[in-house]
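Chemist: Sharing entry_11.cif (mmCIF, C-alpha atoms) below.
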```
data_coords
loop_
_atom_site.label_atom_id
_atom_site.label_comp_id
_atom_site.auth_asym_id
_atom_site.auth_seq_id
_atom_site.Cartn_x
_atom_site.Cartn_y
_atom_site.Cartn_z
CA MET A 1 -90.33 -145.14 2.04
CA GLN A 2 -86.95 -144.68 3.59
CA ARG A 3 -85.49 -141.18 4.39
CA PRO A 4 -82.09 -140.40 3.03
CA ALA A 5 -79.40 -140.74 5.61
CA LYS A 6 -77.69 -137.51 6.77
CA PRO A 7 -74.10 -137.19 5.94
CA SER A 8 -72.03 -137.96 8.90
CA THR A 9 -69.81 -135.19 10.32
CA PRO A 10 -66.24 -136.25 10.48
CA VAL A 11 -64.90 -136.50 13.99
CA ARG A 12 -61.73 -134.61 14.76
CA PHE A 13 -59.46 -136.09 17.34
CA ARG A 14 -57.29 -133.85 19.47
CA PRO A 15 -53.74 -134.89 19.90
CA TRP A 16 -52.92 -136.54 23.12
CA PRO A 17 -51.05 -136.00 25.29
CA PRO A 18 -51.17 -132.18 25.44
CA ASP A 19 -48.15 -130.06 24.42
CA SER A 20 -47.20 -129.44 28.04
CA ALA A 21 -47.86 -131.69 31.00
CA GLY A 22 -50.99 -130.77 32.93
CA ASP A 23 -52.06 -128.07 30.43
CA LEU A 24 -55.30 -128.39 28.59
CA PRO A 25 -55.57 -127.27 25.04
CA ILE A 26 -56.90 -123.75 24.63
CA GLU A 27 -59.25 -123.07 21.83
CA ALA A 28 -58.93 -119.81 19.95
CA SER A 29 -61.80 -117.43 20.42
CA ASP A 30 -63.86 -116.30 17.55
CA SER A 31 -62.84 -112.44 17.96
CA PRO A 32 -59.06 -111.96 18.08
CA GLU A 33 -57.74 -109.85 21.03
CA LEU A 34 -56.36 -106.33 20.10
CA VAL A 35 -52.66 -105.91 20.91
CA GLU A 36 -51.01 -102.43 20.81
CA SER A 37 -48.07 -102.06 18.54
CA PRO A 38 -44.75 -100.56 19.81
CA ARG A 39 -45.30 -97.52 17.58
CA GLU A 40 -48.61 -96.68 19.31
CA THR A 41 -47.03 -97.14 22.76
CA GLY A 42 -44.16 -94.82 21.85
CA SER A 43 -46.58 -92.20 20.53
CA ARG A 44 -48.56 -92.19 23.78
CA ALA A 45 -45.34 -91.89 25.84
CA GLY A 46 -44.16 -89.01 23.64
CA SER A 47 -47.47 -87.19 24.07
CA LEU A 48 -47.25 -87.60 27.85
CA ILE A 49 -43.67 -86.28 27.91
CA ALA A 50 -44.65 -83.33 25.70
CA THR A 51 -47.59 -82.48 27.98
CA LEU A 52 -45.34 -82.71 31.04
CA GLY A 53 -42.76 -80.47 29.33
CA ILE A 54 -45.41 -77.84 28.51
CA VAL A 55 -46.64 -77.88 32.10
CA LEU A 56 -43.10 -77.49 33.40
CA LEU A 57 -42.48 -74.64 30.90
CA LEU A 58 -45.63 -72.84 32.04
CA ILE A 59 -44.57 -73.25 35.66
CA ALA A 60 -41.11 -71.88 34.82
CA LEU A 61 -42.63 -68.92 32.95
CA ALA A 62 -44.92 -68.21 35.89
CA ALA A 63 -41.95 -68.34 38.27
CA VAL A 64 -39.93 -66.01 36.01
CA GLY A 65 -42.87 -63.60 35.81
CA ALA A 66 -43.31 -63.63 39.58
CA TYR A 67 -39.57 -63.02 40.06
CA ALA A 68 -39.64 -60.16 37.53
CA TYR A 69 -42.63 -58.61 39.32
CA TRP A 70 -40.79 -58.91 42.63
CA LEU A 71 -37.68 -57.29 41.13
CA ASN A 72 -39.74 -54.44 39.71
CA ALA A 73 -41.44 -53.91 43.08
CA GLU A 74 -38.04 -53.86 44.78
CA ARG A 75 -36.74 -51.37 42.20
CA VAL A 76 -39.72 -49.08 42.75
CA SER A 77 -39.27 -49.37 46.51
CA LEU A 78 -35.55 -48.56 46.26
CA GLN A 79 -36.26 -45.57 44.00
CA HIS A 80 -38.81 -44.30 46.51
CA GLN A 81 -36.30 -44.72 49.32
CA MET A 82 -33.62 -42.91 47.30
CA ILE A 83 -36.00 -40.02 46.59
CA GLN A 84 -36.87 -39.77 50.27
CA GLN A 85 -33.20 -39.83 51.24
CA SER A 86 -32.40 -37.18 48.60
CA LEU A 87 -35.13 -34.95 50.00
CA GLN A 88 -33.77 -35.47 53.50
CA VAL A 89 -30.23 -34.63 52.29
CA LEU A 90 -31.50 -31.45 50.61
CA GLU A 91 -33.36 -30.47 53.76
CA LEU A 92 -30.26 -31.10 55.87
CA ARG A 93 -28.16 -29.05 53.43
CA GLU A 94 -30.63 -26.17 53.64
CA LYS A 95 -30.53 -26.32 57.43
CA LEU A 96 -26.73 -26.47 57.35
CA THR A 97 -26.59 -23.49 54.97
CA ARG A 98 -28.94 -21.48 57.19
CA THR A 99 -26.88 -22.42 60.22
CA GLU A 100 -23.64 -21.41 58.46
CA VAL A 101 -25.16 -18.08 57.38
CA THR A 102 -26.39 -17.42 60.92
CA LEU A 103 -22.98 -18.36 62.31
CA GLN A 104 -21.21 -16.07 59.84
CA GLU A 105 -23.56 -13.21 60.69
CA ARG A 106 -22.98 -13.71 64.39
CA THR A 107 -19.24 -14.00 63.85
CA ALA A 108 -19.22 -10.78 61.81
CA ALA A 109 -21.31 -9.06 64.47
CA LEU A 110 -18.91 -10.22 67.17
CA ALA A 111 -15.92 -9.10 65.12
CA THR A 112 -17.52 -5.69 64.54
CA ARG A 113 -18.33 -5.36 68.21
CA ASP A 114 -14.81 -6.41 69.21
CA ALA A 115 -13.34 -3.93 66.72
CA ALA A 116 -15.63 -1.20 68.06
CA LEU A 117 -14.69 -2.05 71.63
CA ALA A 118 -11.01 -2.10 70.75
CA GLU A 119 -11.36 1.21 68.91
CA ALA A 120 -13.22 2.71 71.85
CA ASN A 121 -10.58 1.54 74.30
CA ARG A 122 -7.72 3.06 72.31
CA PRO A 123 -6.72 6.64 73.02
CA VAL A 124 -7.37 9.35 70.48
CA LEU A 125 -4.42 10.18 68.27
CA PRO A 126 -2.84 13.32 69.78
CA VAL A 127 -2.84 15.45 66.67
CA ARG A 128 -4.79 18.51 65.57
CA VAL A 129 -5.80 19.15 61.96
CA THR A 130 -6.57 22.68 60.69
CA PHE A 131 -7.04 24.27 57.27
CA ARG A 132 -6.01 27.56 55.68
CA LEU A 133 -6.05 29.05 52.21
CA ALA A 134 -3.02 28.37 50.08
CA PHE A 135 -0.73 31.38 49.57
CA MET A 136 0.40 29.99 46.25
CA GLY A 137 -1.55 27.63 44.02
CA GLN A 138 -5.10 26.39 44.37
CA GLY A 139 -7.21 24.98 47.17
CA LEU A 140 -6.51 24.70 50.86
CA VAL A 141 -3.55 23.68 52.95
CA ALA A 142 -3.98 21.17 55.81
CA SER A 143 -1.84 21.62 58.92
CA ILE A 144 -1.30 18.45 61.06
CA ARG A 145 0.20 19.28 64.46
CA ASN A 146 1.67 16.82 66.95
CA VAL A 147 0.54 18.01 70.40
CA THR A 148 2.72 15.61 72.38
CA ASP A 149 6.33 15.72 73.54
CA ARG A 150 7.31 12.64 71.51
CA PRO A 151 7.49 12.00 67.79
CA LEU A 152 4.61 10.29 65.95
CA ASN A 153 4.50 8.32 62.72
CA VAL A 154 1.11 8.80 61.11
CA ILE A 155 -0.71 8.17 57.82
CA ALA A 156 -2.80 10.99 56.37
CA GLU A 157 -5.58 10.18 53.86
CA LEU A 158 -7.47 12.65 51.68
CA ARG A 159 -11.07 11.59 50.95
CA ASP A 160 -13.99 12.95 49.02
CA ALA A 161 -17.37 12.70 50.70
CA GLY A 162 -18.18 8.97 51.11
CA ALA A 163 -15.44 7.86 48.72
CA GLU A 164 -12.28 5.85 48.98
CA PRO A 165 -9.04 7.71 49.77
CA SER A 166 -7.81 9.63 46.74
CA ARG A 167 -4.41 10.49 48.29
CA GLU A 168 -2.33 8.95 51.03
CA ILE A 169 0.96 9.95 52.63
CA SER A 170 3.11 8.85 55.56
CA LEU A 171 4.35 11.58 57.89
CA ALA A 172 6.87 11.68 60.71
CA LEU A 173 5.59 14.36 63.08
CA GLU A 174 8.09 16.01 65.37
CA PRO A 175 7.06 16.78 68.97
CA ASN A 176 4.88 19.88 69.28
CA LYS A 177 5.36 20.79 65.62
CA ALA A 178 3.03 20.96 62.60
CA THR A 179 3.43 19.58 59.07
CA GLU A 180 1.51 21.12 56.18
CA ILE A 181 0.10 19.39 53.13
CA GLY A 182 -1.33 21.20 50.12
CA TYR A 183 -0.75 22.25 46.54
CA ALA A 184 3.04 22.19 46.96
CA GLN A 185 2.85 18.50 47.90
CA GLY A 186 0.56 17.66 44.97
CA TRP A 187 -2.68 17.79 46.96
CA THR A 188 -5.56 19.98 45.90
CA ILE A 189 -7.78 20.17 48.95
CA THR A 190 -11.25 21.61 48.37
CA SER A 191 -14.21 22.35 50.61
CA GLY A 192 -16.15 19.23 51.67
CA GLN A 193 -13.17 16.89 51.51
CA SER A 194 -11.79 15.28 54.66
CA ILE A 195 -8.39 14.31 55.97
CA SER A 196 -8.06 11.29 58.27
CA VAL A 197 -4.91 10.84 60.32
CA SER A 198 -4.22 7.42 61.84
CA SER A 199 -1.46 5.67 63.75
CA SER A 200 -1.07 2.24 65.31
CA GLY A 201 -2.49 2.03 68.82
CA PHE A 202 -4.62 5.19 68.48
CA ARG A 203 -8.05 6.13 67.32
CA SER A 204 -7.90 8.00 64.06
CA VAL A 205 -8.70 11.71 63.80
CA THR A 206 -10.78 13.10 60.90
CA ALA A 207 -11.19 16.73 59.94
CA PHE A 208 -13.40 18.23 57.18
CA ALA A 209 -12.26 21.13 55.01
CA PRO A 210 -14.54 24.20 55.41
#
```
Translate the structure described by the file into structure tokens.
Modeler:
Amino acid sequence: MQRPAKPSTPVRFRPWPPDSAGDLPIEASDSPELVESPRETGSRAGSLIATLGIVLLLIALAAVGAYAYWLNAERVSLQHQMIQQSLQVLELREKLTRTEVTLQERTAALATRDAALAEANRPVLPVRVTFRLAFMGQGLVASIRNVTDRPLNVIAELRDAGAEPSREISLALEPNKATEIGYAQGWTITSGQSISVSSSGFRSVTAFAP
């Protein structure tokens, strides 16, 4: 019994010659190769650029923060230096003030000493002051006598105890003569008051009413 003959597979002939000289025909593989689209490539490039931008932004922020910290440290340091300098200036001013006060005190002491020396070196005013009861009116009468042979121009001042002069008068004293001051001249001299007589170039003379 004869077996049925298998159907013959048709034979495919490849074209000859090949499309290009020396090239063999390439058969397509069973799984097609994946090829990225331009949209996917652009998306990956954009993500990379965005990541790089974020990194650069973080670096810039860190640099700005470091610079701000440095500026703040410099400001604190300058404030500390200014405070120290202000304290030094205040201390120098206090020293200068103390020095000025000491200098003024010494200057006043020297002036007082010079005035005392000058007063001590001047001769005493050659006048004599006496008191008597007033014949008319109230109080006492002061007699100021010039005991020299030349005229003297003097200033007589009436004072209460420890007070400023209450009366003052200029007198021209004749040689070896006395001038009286009392109620008639508008002065009411009472016990305890004093009369000071002074003239340029002389030490003043003071007399107290009895």
Chemist: How far is it from atom CA of A:Pro175 to atom CA of A:Arg145, in Å with one decimal?
Modeler: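 Going from atom CA of A:Pro175 over to atom CA of A:Arg145, I get 8.6 Å.
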Chemist: Report as a PyMOL selection string all protein, DNA and RNA residues lying within 10 Å of stretch 181-191 of chain A, evaluated on all atoms listed in the file, omitting residues in the same chain fewer than 5 positions from it.
Modeler: chain A and resi 131-144+156+158-160+166-169+208-210
Chemist: Could you work out how far atom CA of A:Ala178 lies from atom CA of A:Val127, giving the answer in Å with one decimal?
Modeler: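 A separation of 9.0 Å between them.
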Chemist: Using Å and a single decimal, report how far atom CA of A:Gly192 sits from atom CA of A:Leu152.
Modeler: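 Going from atom CA of A:Leu152 over to atom CA of A:Gly192, I get 26.7 Å.
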